[in-house]
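Shown next: structure.pdb, given as PDB, C-alpha atoms and all ligand atoms.
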```pdb
ATOM      1  CA  MET A   1       0.000   0.000   0.000
ATOM      2  CA  LEU A   2       1.199   3.502  -0.914
ATOM      3  CA  ASN A   3       2.108   5.469   2.183
ATOM      4  CA  LYS A   4       2.020   8.910   0.531
ATOM      5  CA  LYS A   5      -0.477  11.754   0.484
ATOM      6  CA  VAL A   6      -1.923  12.241  -2.982
ATOM      7  CA  GLY A   7      -3.902  15.321  -4.065
ATOM      8  CA  PHE A   8      -5.939  15.875  -7.223
ATOM      9  CA  ILE A   9      -6.490  19.322  -8.750
ATOM     10  CA  GLY A  10      -9.728  19.002 -10.703
ATOM     11  CA  CYS A  11     -12.077  16.097 -10.270
ATOM     12  CA  GLY A  12     -13.771  15.455 -13.587
ATOM     13  CA  ASN A  13     -14.108  12.327 -15.684
ATOM     14  CA  MET A  14     -10.482  11.244 -15.653
ATOM     15  CA  ALA A  15      -9.655  12.068 -12.018
ATOM     16  CA  LYS A  16     -12.785  10.215 -10.895
ATOM     17  CA  ALA A  17     -11.739   7.143 -12.895
ATOM     18  CA  ILE A  18      -8.221   7.217 -11.385
ATOM     19  CA  ILE A  19      -9.437   7.786  -7.828
ATOM     20  CA  ASN A  20     -11.981   4.983  -8.143
ATOM     21  CA  GLY A  21      -9.284   2.699  -9.568
ATOM     22  CA  MET A  22      -6.810   3.540  -6.785
ATOM     23  CA  ILE A  23      -9.273   3.091  -3.953
ATOM     24  CA  ALA A  24     -10.947  -0.035  -5.372
ATOM     25  CA  SER A  25      -7.529  -1.675  -5.833
ATOM     26  CA  ARG A  26      -6.550  -0.687  -2.247
ATOM     27  CA  ILE A  27      -3.206   0.723  -3.422
ATOM     28  CA  ILE A  28      -3.955   3.716  -1.186
ATOM     29  CA  ALA A  29      -6.094   4.364   1.878
ATOM     30  CA  PRO A  30      -8.848   6.975   1.274
ATOM     31  CA  GLU A  31      -7.515   9.092   4.164
ATOM     32  CA  ASN A  32      -4.365   9.658   2.089
ATOM     33  CA  VAL A  33      -6.299  11.161  -0.828
ATOM     34  CA  TRP A  34      -7.257  14.858  -1.220
ATOM     35  CA  VAL A  35      -9.441  16.353  -3.925
ATOM     36  CA  PHE A  36      -9.788  19.983  -4.970
ATOM     37  CA  ASP A  37     -12.263  20.693  -7.766
ATOM     38  CA  ARG A  38     -13.600  24.204  -8.268
ATOM     39  CA  LYS A  39     -17.095  22.842  -7.599
ATOM     40  CA  PRO A  40     -17.391  22.287  -3.806
ATOM     41  CA  GLU A  41     -20.295  19.878  -4.362
ATOM     42  CA  THR A  42     -17.989  17.594  -6.358
ATOM     43  CA  ASN A  43     -15.442  17.531  -3.519
ATOM     44  CA  GLN A  44     -18.186  16.820  -1.006
ATOM     45  CA  ALA A  45     -19.652  14.019  -3.133
ATOM     46  CA  MET A  46     -16.204  12.398  -3.513
ATOM     47  CA  ALA A  47     -15.579  12.673   0.242
ATOM     48  CA  GLU A  48     -18.919  11.018   0.981
ATOM     49  CA  LYS A  49     -18.504   8.284  -1.627
ATOM     50  CA  TYR A  50     -14.918   7.276  -0.800
ATOM     51  CA  GLY A  51     -14.089   8.670   2.659
ATOM     52  CA  LEU A  52     -11.291  10.835   1.175
ATOM     53  CA  HIS A  53     -10.588  14.496   2.041
ATOM     54  CA  ALA A  54     -12.376  17.388   0.341
ATOM     55  CA  ALA A  55      -9.555  19.965   0.385
ATOM     56  CA  GLU A  56     -10.471  23.347   1.833
ATOM     57  CA  SER A  57      -8.416  25.147  -0.776
ATOM     58  CA  LEU A  58      -5.964  24.474  -3.545
ATOM     59  CA  GLU A  59      -3.264  26.119  -1.443
ATOM     60  CA  SER A  60      -3.825  23.968   1.651
ATOM     61  CA  MET A  61      -3.799  20.807  -0.478
ATOM     62  CA  ALA A  62      -0.608  21.907  -2.252
ATOM     63  CA  ARG A  63       1.168  22.313   1.108
ATOM     64  CA  GLU A  64      -0.017  18.916   2.382
ATOM     65  CA  VAL A  65       0.585  16.338  -0.332
ATOM     66  CA  ASP A  66       3.593  14.269  -1.475
ATOM     67  CA  ILE A  67       2.162  13.648  -4.938
ATOM     68  CA  LEU A  68       0.088  16.329  -6.669
ATOM     69  CA  VAL A  69      -1.909  15.250  -9.713
ATOM     70  CA  GLY A  70      -2.994  17.961 -12.161
ATOM     71  CA  ALA A  71      -6.269  16.661 -13.626
ATOM     72  CA  ILE A  72      -7.661  19.860 -15.109
ATOM     73  CA  LYS A  73      -7.954  20.779 -18.768
ATOM     74  CA  PRO A  74      -4.719  21.571 -20.610
ATOM     75  CA  ASN A  75      -5.622  25.258 -21.024
ATOM     76  CA  VAL A  76      -5.675  25.885 -17.253
ATOM     77  CA  MET A  77      -2.968  23.436 -16.166
ATOM     78  CA  LEU A  78       0.039  25.778 -16.364
ATOM     79  CA  LYS A  79      -1.716  28.738 -14.762
ATOM     80  CA  LEU A  80      -2.973  26.664 -11.820
ATOM     81  CA  LEU A  81       0.269  24.790 -11.211
ATOM     82  CA  GLY A  82       2.208  28.049 -11.501
ATOM     83  CA  SER A  83      -0.026  29.618  -8.838
ATOM     84  CA  ILE A  84       0.879  27.007  -6.202
ATOM     85  CA  ALA A  85       4.446  26.105  -7.254
ATOM     86  CA  GLY A  86       5.939  28.051  -4.341
ATOM     87  CA  LEU A  87       3.801  26.217  -1.773
ATOM     88  CA  LEU A  88       4.846  22.661  -2.588
ATOM     89  CA  LYS A  89       7.207  20.680  -0.370
ATOM     90  CA  LYS A  90      10.685  20.293  -1.859
ATOM     91  CA  GLU A  91      10.218  16.576  -2.585
ATOM     92  CA  THR A  92       6.608  16.744  -3.813
ATOM     93  CA  LEU A  93       6.214  14.964  -7.098
ATOM     94  CA  VAL A  94       3.935  16.655  -9.626
ATOM     95  CA  VAL A  95       2.014  14.436 -12.036
ATOM     96  CA  SER A  96       0.243  15.963 -15.030
ATOM     97  CA  ILE A  97      -2.311  13.987 -16.999
ATOM     98  CA  ALA A  98      -3.011  16.787 -19.495
ATOM     99  CA  ALA A  99      -2.770  16.124 -23.217
ATOM    100  CA  GLY A 100      -0.237  18.352 -24.927
ATOM    101  CA  ILE A 101       1.445  19.922 -21.878
ATOM    102  CA  THR A 102       5.123  19.091 -22.147
ATOM    103  CA  LEU A 103       7.602  18.407 -19.347
ATOM    104  CA  ASP A 104       9.446  21.574 -20.423
ATOM    105  CA  ALA A 105       6.325  23.725 -20.154
ATOM    106  CA  LEU A 106       5.540  22.215 -16.748
ATOM    107  CA  ALA A 107       9.089  22.901 -15.514
ATOM    108  CA  THR A 108       8.783  26.502 -16.672
ATOM    109  CA  VAL A 109       5.950  27.135 -14.205
ATOM    110  CA  LEU A 110       6.930  24.651 -11.480
ATOM    111  CA  GLY A 111      10.652  25.334 -11.443
ATOM    112  CA  HIS A 112      13.501  23.511 -13.136
ATOM    113  CA  ASP A 113      14.325  21.679  -9.901
ATOM    114  CA  ARG A 114      10.867  20.078  -9.600
ATOM    115  CA  LYS A 115      10.309  16.341 -10.060
ATOM    116  CA  ILE A 116       7.588  16.032 -12.697
ATOM    117  CA  ILE A 117       5.917  13.067 -14.391
ATOM    118  CA  ARG A 118       3.629  13.191 -17.406
ATOM    119  CA  VAL A 119       1.059  10.447 -17.372
ATOM    120  CA  MET A 120      -1.489   9.645 -20.064
ATOM    121  CA  PRO A 121      -4.223   7.414 -18.606
ATOM    122  CA  ASN A 122      -7.616   6.405 -19.979
ATOM    123  CA  THR A 123     -11.110   6.101 -18.512
ATOM    124  CA  PRO A 124     -11.201   2.269 -18.316
ATOM    125  CA  ALA A 125      -9.168   2.928 -15.125
ATOM    126  CA  LEU A 126     -12.627   3.185 -13.593
ATOM    127  CA  VAL A 127     -13.160  -0.556 -14.048
ATOM    128  CA  GLY A 128      -9.615  -1.722 -13.327
ATOM    129  CA  THR A 129      -8.621  -2.022 -16.997
ATOM    130  CA  GLY A 130      -6.742   1.207 -17.669
ATOM    131  CA  MET A 131      -3.822   1.680 -20.063
ATOM    132  CA  THR A 132      -1.406   4.387 -18.965
ATOM    133  CA  SER A 133       1.876   5.807 -20.190
ATOM    134  CA  VAL A 134       4.376   7.244 -17.707
ATOM    135  CA  THR A 135       7.108   9.764 -18.652
ATOM    136  CA  PRO A 136       9.286  11.162 -15.860
ATOM    137  CA  ASN A 137      11.626  14.131 -16.156
ATOM    138  CA  VAL A 138      15.334  13.618 -15.484
ATOM    139  CA  LEU A 139      15.038  14.570 -11.802
ATOM    140  CA  VAL A 140      12.682  11.725 -10.944
ATOM    141  CA  ASN A 141      14.530   8.690  -9.612
ATOM    142  CA  GLU A 142      13.796   5.041 -10.343
ATOM    143  CA  GLU A 143      12.049   4.475  -7.036
ATOM    144  CA  GLU A 144       9.673   7.402  -7.627
ATOM    145  CA  THR A 145       8.954   6.259 -11.182
ATOM    146  CA  ASP A 146       8.207   2.781  -9.847
ATOM    147  CA  ILE A 147       5.747   4.211  -7.336
ATOM    148  CA  ILE A 148       3.797   5.934 -10.104
ATOM    149  CA  LEU A 149       3.926   2.817 -12.308
ATOM    150  CA  GLN A 150       2.717   0.763  -9.362
ATOM    151  CA  VAL A 151      -0.208   3.143  -8.746
ATOM    152  CA  PHE A 152      -1.382   3.019 -12.370
ATOM    153  CA  ARG A 153      -0.758  -0.741 -12.570
ATOM    154  CA  SER A 154      -3.077  -1.230  -9.619
ATOM    155  CA  PHE A 155      -6.004  -0.591 -11.995
ATOM    156  CA  GLY A 156      -4.701  -1.741 -15.354
ATOM    157  CA  LYS A 157      -1.481  -1.659 -17.321
ATOM    158  CA  ALA A 158       1.158   1.075 -17.277
ATOM    159  CA  GLU A 159       4.337   1.420 -19.310
ATOM    160  CA  LEU A 160       7.228   3.870 -19.428
ATOM    161  CA  VAL A 161       7.336   5.787 -22.731
ATOM    162  CA  SER A 162       9.541   8.533 -24.144
ATOM    163  CA  GLU A 163       7.891  11.932 -24.349
ATOM    164  CA  TYR A 164       7.855  12.034 -28.167
ATOM    165  CA  LEU A 165       5.558   8.974 -28.148
ATOM    166  CA  ILE A 166       2.833  10.592 -26.052
ATOM    167  CA  HIS A 167       0.967  11.778 -29.178
ATOM    168  CA  SER A 168       0.685   8.139 -30.249
ATOM    169  CA  VAL A 169      -0.426   7.182 -26.744
ATOM    170  CA  VAL A 170      -3.197   9.800 -26.859
ATOM    171  CA  GLY A 171      -4.349   8.340 -30.194
ATOM    172  CA  VAL A 172      -4.115   4.658 -29.343
ATOM    173  CA  SER A 173      -5.286   4.610 -25.707
ATOM    174  CA  GLY A 174      -6.032   8.038 -24.146
ATOM    175  CA  SER A 175      -8.734   9.047 -26.613
ATOM    176  CA  ALA A 176      -9.360   5.573 -28.013
ATOM    177  CA  PRO A 177     -12.119   4.387 -25.656
ATOM    178  CA  ALA A 178     -14.345   6.946 -27.429
ATOM    179  CA  TYR A 179     -13.907   5.255 -30.827
ATOM    180  CA  VAL A 180     -14.559   1.835 -29.292
ATOM    181  CA  PHE A 181     -17.728   3.097 -27.569
ATOM    182  CA  MET A 182     -18.899   4.412 -30.952
ATOM    183  CA  MET A 183     -18.270   1.017 -32.519
ATOM    184  CA  ILE A 184     -20.165  -0.761 -29.728
ATOM    185  CA  GLU A 185     -23.050   1.671 -30.183
ATOM    186  CA  ALA A 186     -23.121   1.063 -33.937
ATOM    187  CA  MET A 187     -22.942  -2.722 -33.481
ATOM    188  CA  ALA A 188     -25.815  -2.610 -30.999
ATOM    189  CA  ASP A 189     -27.887  -0.357 -33.282
ATOM    190  CA  ALA A 190     -27.516  -2.894 -36.061
ATOM    191  CA  ALA A 191     -28.556  -5.732 -33.755
ATOM    192  CA  VAL A 192     -31.617  -3.685 -32.733
ATOM    193  CA  LEU A 193     -32.353  -3.249 -36.431
ATOM    194  CA  GLY A 194     -32.325  -7.033 -36.613
ATOM    195  CA  GLY A 195     -34.901  -7.175 -33.799
ATOM    196  CA  MET A 196     -32.747  -7.661 -30.693
ATOM    197  CA  PRO A 197     -33.791  -5.785 -27.523
ATOM    198  CA  ARG A 198     -31.420  -2.839 -26.934
ATOM    199  CA  LYS A 199     -30.084  -3.872 -23.529
ATOM    200  CA  GLN A 200     -29.232  -7.314 -24.834
ATOM    201  CA  ALA A 201     -27.653  -5.774 -27.944
ATOM    202  CA  TYR A 202     -25.222  -3.693 -25.803
ATOM    203  CA  GLU A 203     -24.317  -6.767 -23.788
ATOM    204  CA  PHE A 204     -23.585  -8.870 -26.875
ATOM    205  CA  ALA A 205     -21.625  -6.087 -28.582
ATOM    206  CA  ALA A 206     -19.551  -5.098 -25.522
ATOM    207  CA  GLN A 207     -18.779  -8.659 -24.469
ATOM    208  CA  THR A 208     -17.645  -9.416 -28.032
ATOM    209  CA  VAL A 209     -15.307  -6.406 -28.125
ATOM    210  CA  LYS A 210     -13.921  -7.403 -24.721
ATOM    211  CA  GLY A 211     -13.415 -11.019 -25.828
ATOM    212  CA  ALA A 212     -11.757 -10.033 -29.107
ATOM    213  CA  ALA A 213      -9.388  -7.678 -27.255
ATOM    214  CA  GLN A 214      -8.555 -10.403 -24.763
ATOM    215  CA  MET A 215      -7.714 -12.800 -27.631
ATOM    216  CA  VAL A 216      -5.222 -10.271 -29.049
ATOM    217  CA  LEU A 217      -3.641  -9.842 -25.609
ATOM    218  CA  GLU A 218      -3.580 -13.501 -24.629
ATOM    219  CA  THR A 219      -3.121 -15.701 -27.719
ATOM    220  CA  ASP A 220      -0.062 -14.021 -29.250
ATOM    221  CA  GLN A 221      -1.728 -14.413 -32.651
ATOM    222  CA  HIS A 222      -1.682 -11.577 -35.181
ATOM    223  CA  PRO A 223      -5.054  -9.758 -35.382
ATOM    224  CA  ALA A 224      -5.270 -10.683 -39.083
ATOM    225  CA  GLN A 225      -4.919 -14.369 -38.201
ATOM    226  CA  LEU A 226      -7.645 -14.047 -35.582
ATOM    227  CA  LYS A 227      -9.870 -12.304 -38.134
ATOM    228  CA  ASP A 228      -9.229 -15.061 -40.682
ATOM    229  CA  SER A 229     -10.272 -17.689 -38.163
ATOM    230  CA  VAL A 230     -13.735 -16.075 -37.880
ATOM    231  CA  CYS A 231     -14.256 -15.936 -41.653
ATOM    232  CA  SER A 232     -15.720 -19.286 -42.726
ATOM    233  CA  PRO A 233     -15.348 -19.836 -46.497
ATOM    234  CA  GLY A 234     -18.424 -18.522 -48.307
ATOM    235  CA  GLY A 235     -19.840 -17.553 -44.905
ATOM    236  CA  THR A 236     -21.359 -14.547 -43.181
ATOM    237  CA  THR A 237     -18.260 -12.848 -41.751
ATOM    238  CA  ILE A 238     -16.418 -12.396 -45.034
ATOM    239  CA  GLU A 239     -19.481 -10.521 -46.347
ATOM    240  CA  ALA A 240     -19.166  -8.092 -43.422
ATOM    241  CA  VAL A 241     -15.391  -7.822 -43.932
ATOM    242  CA  LYS A 242     -15.854  -6.947 -47.622
ATOM    243  CA  THR A 243     -18.332  -4.193 -46.740
ATOM    244  CA  LEU A 244     -16.019  -2.778 -44.053
ATOM    245  CA  GLU A 245     -13.161  -2.702 -46.585
ATOM    246  CA  SER A 246     -15.290  -1.011 -49.247
ATOM    247  CA  LYS A 247     -16.417   1.638 -46.698
ATOM    248  CA  GLY A 248     -12.826   2.355 -45.662
ATOM    249  CA  PHE A 249     -13.210   1.095 -42.092
ATOM    250  CA  ARG A 250      -9.490   0.771 -41.375
ATOM    251  CA  ALA A 251      -8.555   3.972 -43.209
ATOM    252  CA  ALA A 252     -11.232   5.855 -41.239
ATOM    253  CA  ILE A 253      -9.749   4.683 -37.952
ATOM    254  CA  MET A 254      -6.215   5.538 -39.032
ATOM    255  CA  GLU A 255      -7.244   8.990 -40.293
ATOM    256  CA  ALA A 256      -9.198   9.688 -37.111
ATOM    257  CA  MET A 257      -6.181   8.749 -35.026
ATOM    258  CA  GLN A 258      -3.893  10.898 -37.162
ATOM    259  CA  LYS A 259      -6.199  13.875 -36.492
ATOM    260  CA  CYS A 260      -6.158  13.051 -32.808
ATOM    261  CA  MET A 261      -2.344  12.872 -32.747
ATOM    262  CA  GLU A 262      -2.071  16.115 -34.746
ATOM    263  CA  LYS A 263      -4.290  17.854 -32.194
ATOM    264  CA  SER A 264      -2.101  16.551 -29.393
ATOM    265  CA  GLU A 265       0.955  17.983 -31.194
ATOM    266  CA  GLN A 266      -0.795  21.329 -31.742
ATOM    267  CA  LEU A 267      -1.625  21.546 -28.027
ATOM    268  CA  SER A 268       2.061  20.984 -27.226
ATOM    269  CA  LYS A 269       3.007  23.984 -29.341
ATOM    270  CA  ALA A 270       0.274  26.345 -28.099
TER     271      ALA A 270
HETATM  272  N1  LIG B 301     -11.173  12.235 -20.137
HETATM  273  C1  LIG B 301     -10.228  11.380 -20.537
HETATM  274  O1  LIG B 301     -10.512  10.272 -21.027
HETATM  275  C2  LIG B 301      -8.788  11.757 -20.388
HETATM  276  C3  LIG B 301      -8.389  13.013 -19.983
HETATM  277  N2  LIG B 301      -7.063  13.338 -19.859
HETATM  278  C4  LIG B 301      -6.665  14.652 -19.388
HETATM  279  O2  LIG B 301      -7.267  14.849 -18.118
HETATM  280  C5  LIG B 301      -7.514  16.241 -17.896
HETATM  281  C6  LIG B 301      -8.936  16.405 -17.399
HETATM  282  O3  LIG B 301      -9.814  15.925 -18.409
HETATM  283  P1  LIG B 301     -11.297  15.471 -18.071
HETATM  284  O4  LIG B 301     -11.317  14.737 -16.772
HETATM  285  O5  LIG B 301     -11.802  14.834 -19.297
HETATM  286  O6  LIG B 301     -11.971  16.912 -17.889
HETATM  287  P2  LIG B 301     -13.189  17.347 -16.995
HETATM  288  O7  LIG B 301     -13.671  18.645 -17.512
HETATM  289  O8  LIG B 301     -14.151  16.213 -16.831
HETATM  290  O9  LIG B 301     -12.483  17.585 -15.558
HETATM  291  C7  LIG B 301     -11.791  18.733 -15.199
HETATM  292  C8  LIG B 301     -12.324  19.171 -13.833
HETATM  293  O10 LIG B 301     -11.533  20.229 -13.338
HETATM  294  C9  LIG B 301     -12.402  21.254 -12.867
HETATM  295  N3  LIG B 301     -11.726  22.536 -12.870
HETATM  296  C10 LIG B 301     -11.661  23.474 -13.852
HETATM  297  N4  LIG B 301     -10.978  24.563 -13.443
HETATM  298  C11 LIG B 301     -10.592  24.302 -12.174
HETATM  299  C12 LIG B 301      -9.881  25.036 -11.202
HETATM  300  N5  LIG B 301      -9.418  26.270 -11.462
HETATM  301  N6  LIG B 301      -9.655  24.472  -9.995
HETATM  302  C13 LIG B 301     -10.136  23.239  -9.708
HETATM  303  N7  LIG B 301     -10.849  22.503 -10.586
HETATM  304  C14 LIG B 301     -11.070  23.023 -11.797
HETATM  305  C15 LIG B 301     -13.561  21.195 -13.819
HETATM  306  O11 LIG B 301     -14.667  21.897 -13.316
HETATM  307  P3  LIG B 301     -15.787  22.497 -14.365
HETATM  308  O12 LIG B 301     -16.543  21.282 -14.845
HETATM  309  O13 LIG B 301     -16.584  23.405 -13.518
HETATM  310  O14 LIG B 301     -15.020  23.169 -15.455
HETATM  311  C16 LIG B 301     -13.766  19.682 -13.919
HETATM  312  O15 LIG B 301     -14.534  19.177 -12.839
HETATM  313  C17 LIG B 301      -7.231  16.964 -19.206
HETATM  314  O16 LIG B 301      -6.029  17.648 -19.094
HETATM  315  C18 LIG B 301      -7.132  15.826 -20.243
HETATM  316  O17 LIG B 301      -6.194  16.123 -21.254
HETATM  317  C19 LIG B 301      -6.077  12.421 -20.112
HETATM  318  C20 LIG B 301      -6.404  11.158 -20.521
HETATM  319  C21 LIG B 301      -7.776  10.723 -20.716
HETATM  320  O1  LIG B 302     -10.011  14.545 -25.330
HETATM  321  C1  LIG B 302      -9.000  14.893 -24.700
HETATM  322  O2  LIG B 302      -8.386  15.922 -24.998
HETATM  323  C2  LIG B 302      -8.503  14.024 -23.549
HETATM  324  C3  LIG B 302      -7.084  13.574 -23.737
HETATM  325  C4  LIG B 302      -7.159  12.086 -23.977
HETATM  326  C5  LIG B 302      -8.570  11.771 -23.765
HETATM  327  N1  LIG B 302      -9.268  12.811 -23.487
END
```
For the file at hand, write its structure as structure tokens.
Ligand SMILES: NC(=O)C1=CN([C@@H]2O[C@H](COP(=O)(O)OP(=O)(O)OC[C@H]3O[C@@H](n4cnc5c(N)ncnc54)[C@H](OP(=O)(O)O)[C@@H]3O)[C@@H](O)[C@H]2O)C=CC1
Ligand SMILES: O=C(O)[C@@H]1CCC=N1
Amino acid sequence: MLNKKVGFIGCGNMAKAIINGMIASRIIAPENVWVFDRKPETNQAMAEKYGLHAAESLESMAREVDILVGAIKPNVMLKLLGSIAGLLKKETLVVSIAAGITLDALATVLGHDRKIIRVMPNTPALVGTGMTSVTPNVLVNEEETDIILQVFRSFGKAELVSEYLIHSVVGVSGSAPAYVFMMIEAMADAAVLGGMPRKQAYEFAAQTVKGAAQMVLETDQHPAQLKDSVCSPGGTTIEAVKTLESKGFRAAIMEAMQKCMEKSEQLSKA
């Protein structure tokens, strides 16, 4: 169990998923977690749900914690962190989950002697199946990096990546649950079109996506091989595959991800 005080600035979709993942996995005791969102009712609701602390102010939380997680939107991250940089303890580790905010930009507002880690998580953290990248600056030692990896591994997978790869991470895991939810929705809509009740359609679609993903992770077979094994000669699946190819299914996903990665790059230059 992590014996550190962890504070979250901002408690929206992603912070809630991380906090739920951390507390459900018991990597941290709720009394070691602080939350400061600008909406007091959010802090109160989190305190009631998990038994964590609703911070009285951003400043008091900044003085208290050993690990400070910036979980606000990229456009306010630097301003907010800059406003409390002088209040942090010398050894406090700052973690930013914002897309497009570089380690350099963070050091500019936090100080060039500050230990900083960029992390790119995703919302499946909420259900213990997150995928997270971890990128420390040069001041962070191995033990501290391991602590952060351990935290994010308590509710999914986490890997060290170089900073230049974060745009790819945003495309392939950070933003990616959204594309998968859209696919599940479309699959279920089609099943409803075929007469299946909607609730059942979501269950069949989601369980199939989960199972297919698990096969890729656990069988070591190439996705194309796994696809081939579903396509019976002259059967139903190859008809669907032909239609997906003619509609540019794979190109659409690749183009969408390219746009996503380009946006992440643009944010880094803003
Ligand atoms: N959502 C995701 O799947 C992922 C998000 N991220 C990153 O996480 C960060 C947060 O994203 P997300 O959770 O989606 O965003 P949300 O808008 O859901 O959460 C941000 C929260 O911060 C609050 N907030 C805004 N300004 C302040 C302030 N001055 N002080 C305290 N709290 C404040 C917001 O309040 P209000 O609603 O009133 O504005 C909101 O509750 C972003 O930087 C994003 O890049 C990274 C990976 C995945
Ligand atoms: O949409 C966004 O900008 C954030 C970053 C990754 C997922 N959500």
Taking only residues of chain A that have an atom at most 7 Å from an atom of ligand LIG 301 (chain B), what is each one's shortest atom pair and its distance in Å to one decimal, using only C-alpha atoms and all ligand atoms, in chain and number order, as JSON lines?
```
{"residue": "A:Ile9", "atom": "CA", "partner": "B:LIG301", "partner_atom": "C13", "distance": 5.4}
{"residue": "A:Gly10", "atom": "CA", "partner": "B:LIG301", "partner_atom": "O10", "distance": 3.4}
{"residue": "A:Cys11", "atom": "CA", "partner": "B:LIG301", "partner_atom": "O15", "distance": 4.7}
{"residue": "A:Gly12", "atom": "CA", "partner": "B:LIG301", "partner_atom": "O9", "distance": 3.2}
{"residue": "A:Asn13", "atom": "CA", "partner": "B:LIG301", "partner_atom": "O4", "distance": 3.8}
{"residue": "A:Met14", "atom": "CA", "partner": "B:LIG301", "partner_atom": "O4", "distance": 3.8}
{"residue": "A:Ala15", "atom": "CA", "partner": "B:LIG301", "partner_atom": "O4", "distance": 5.7}
{"residue": "A:Phe36", "atom": "CA", "partner": "B:LIG301", "partner_atom": "C13", "distance": 5.8}
{"residue": "A:Asp37", "atom": "CA", "partner": "B:LIG301", "partner_atom": "N7", "distance": 3.6}
{"residue": "A:Arg38", "atom": "CA", "partner": "B:LIG301", "partner_atom": "C13", "distance": 3.9}
{"residue": "A:Lys39", "atom": "CA", "partner": "B:LIG301", "partner_atom": "O13", "distance": 6.0}
{"residue": "A:Ala71", "atom": "CA", "partner": "B:LIG301", "partner_atom": "C5", "distance": 4.5}
{"residue": "A:Ile72", "atom": "CA", "partner": "B:LIG301", "partner_atom": "O10", "distance": 4.3}
{"residue": "A:Lys73", "atom": "CA", "partner": "B:LIG301", "partner_atom": "O16", "distance": 3.7}
{"residue": "A:Pro74", "atom": "CA", "partner": "B:LIG301", "partner_atom": "O16", "distance": 4.4}
{"residue": "A:Val76", "atom": "CA", "partner": "B:LIG301", "partner_atom": "N4", "distance": 6.7}
{"residue": "A:Leu80", "atom": "CA", "partner": "B:LIG301", "partner_atom": "N5", "distance": 6.5}
{"residue": "A:Ile97", "atom": "CA", "partner": "B:LIG301", "partner_atom": "C4", "distance": 5.0}
{"residue": "A:Ala98", "atom": "CA", "partner": "B:LIG301", "partner_atom": "O16", "distance": 3.2}
{"residue": "A:Ala99", "atom": "CA", "partner": "B:LIG301", "partner_atom": "O17", "distance": 3.9}
{"residue": "A:Met120", "atom": "CA", "partner": "B:LIG301", "partner_atom": "C20", "distance": 5.2}
{"residue": "A:Pro121", "atom": "CA", "partner": "B:LIG301", "partner_atom": "C20", "distance": 4.7}
{"residue": "A:Asn122", "atom": "CA", "partner": "B:LIG301", "partner_atom": "C21", "distance": 4.4}
{"residue": "A:Thr123", "atom": "CA", "partner": "B:LIG301", "partner_atom": "O1", "distance": 4.9}
{"residue": "A:Gly174", "atom": "CA", "partner": "B:LIG301", "partner_atom": "C21", "distance": 4.7}
{"residue": "A:Ser175", "atom": "CA", "partner": "B:LIG301", "partner_atom": "O1", "distance": 6.0}
```
* Write out as JSON, numbers by chain each polymer residue whose atoms come within 7 Å of Pro30 in chain A, counting only C-alpha atoms; drop sequence neighbours fewer than 6 positions from it. => {"A": [23, 50, 51, 52]}
* Residues at most 6 Å from Thr135 in chain A, counting only C-alpha atoms, excluding those fewer than 3 positions away in the same chain, as a VMD selection string? -> chain A and resid 117 to 118 160 to 161
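You can rank A:Thr108, A:Ser133, A:Gln200, A:Thr236 by their closest distance to ligand LIG 302 (chain B) using only C-alpha atoms and all ligand atoms, and at the top of that list sits A:Ser133.
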So for ligand LIG 302 (chain B), what box centre and size do we get, axis-aligned, 5 Å extra on each of the six sides, every listed atom, Å to one decimal, as JSON?
```
{"center_x": -8.5, "center_y": 13.8, "center_z": -24.4, "size_x": 12.9, "size_y": 14.2, "size_z": 11.8}
```
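Picture a line from CA of Ala213 in chain A to CA of Ala178 in chain A; it runs 15.4 Å.
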Take range 167-175 of chain A from the preceding structure and save N, CA and C atoms as a compact mmCIF listing (two decimals), in the first residue's frame.
```
# COMPACT_ATOMS: atom_id res chain seq x y z
N HIS A 167 2.04 11.52 -28.19
CA HIS A 167 0.97 11.78 -29.18
C HIS A 167 0.35 10.46 -29.64
N SER A 168 1.20 9.46 -29.86
CA SER A 168 0.69 8.14 -30.25
C SER A 168 -0.15 7.54 -29.12
N VAL A 169 0.31 7.73 -27.89
CA VAL A 169 -0.43 7.18 -26.74
C VAL A 169 -1.83 7.81 -26.68
N VAL A 170 -1.89 9.13 -26.88
CA VAL A 170 -3.20 9.80 -26.86
C VAL A 170 -4.10 9.16 -27.91
N GLY A 171 -3.54 8.92 -29.11
CA GLY A 171 -4.35 8.34 -30.19
C GLY A 171 -4.77 6.92 -29.93
N VAL A 172 -3.85 6.10 -29.40
CA VAL A 172 -4.11 4.66 -29.34
C VAL A 172 -4.76 4.21 -28.02
N SER A 173 -4.65 5.03 -26.97
CA SER A 173 -5.29 4.61 -25.71
C SER A 173 -6.00 5.75 -24.98
N GLY A 174 -5.40 6.94 -24.89
CA GLY A 174 -6.03 8.04 -24.15
C GLY A 174 -7.41 8.38 -24.68
N SER A 175 -7.46 8.67 -25.98
CA SER A 175 -8.73 9.05 -26.61
C SER A 175 -9.50 7.84 -27.13
```
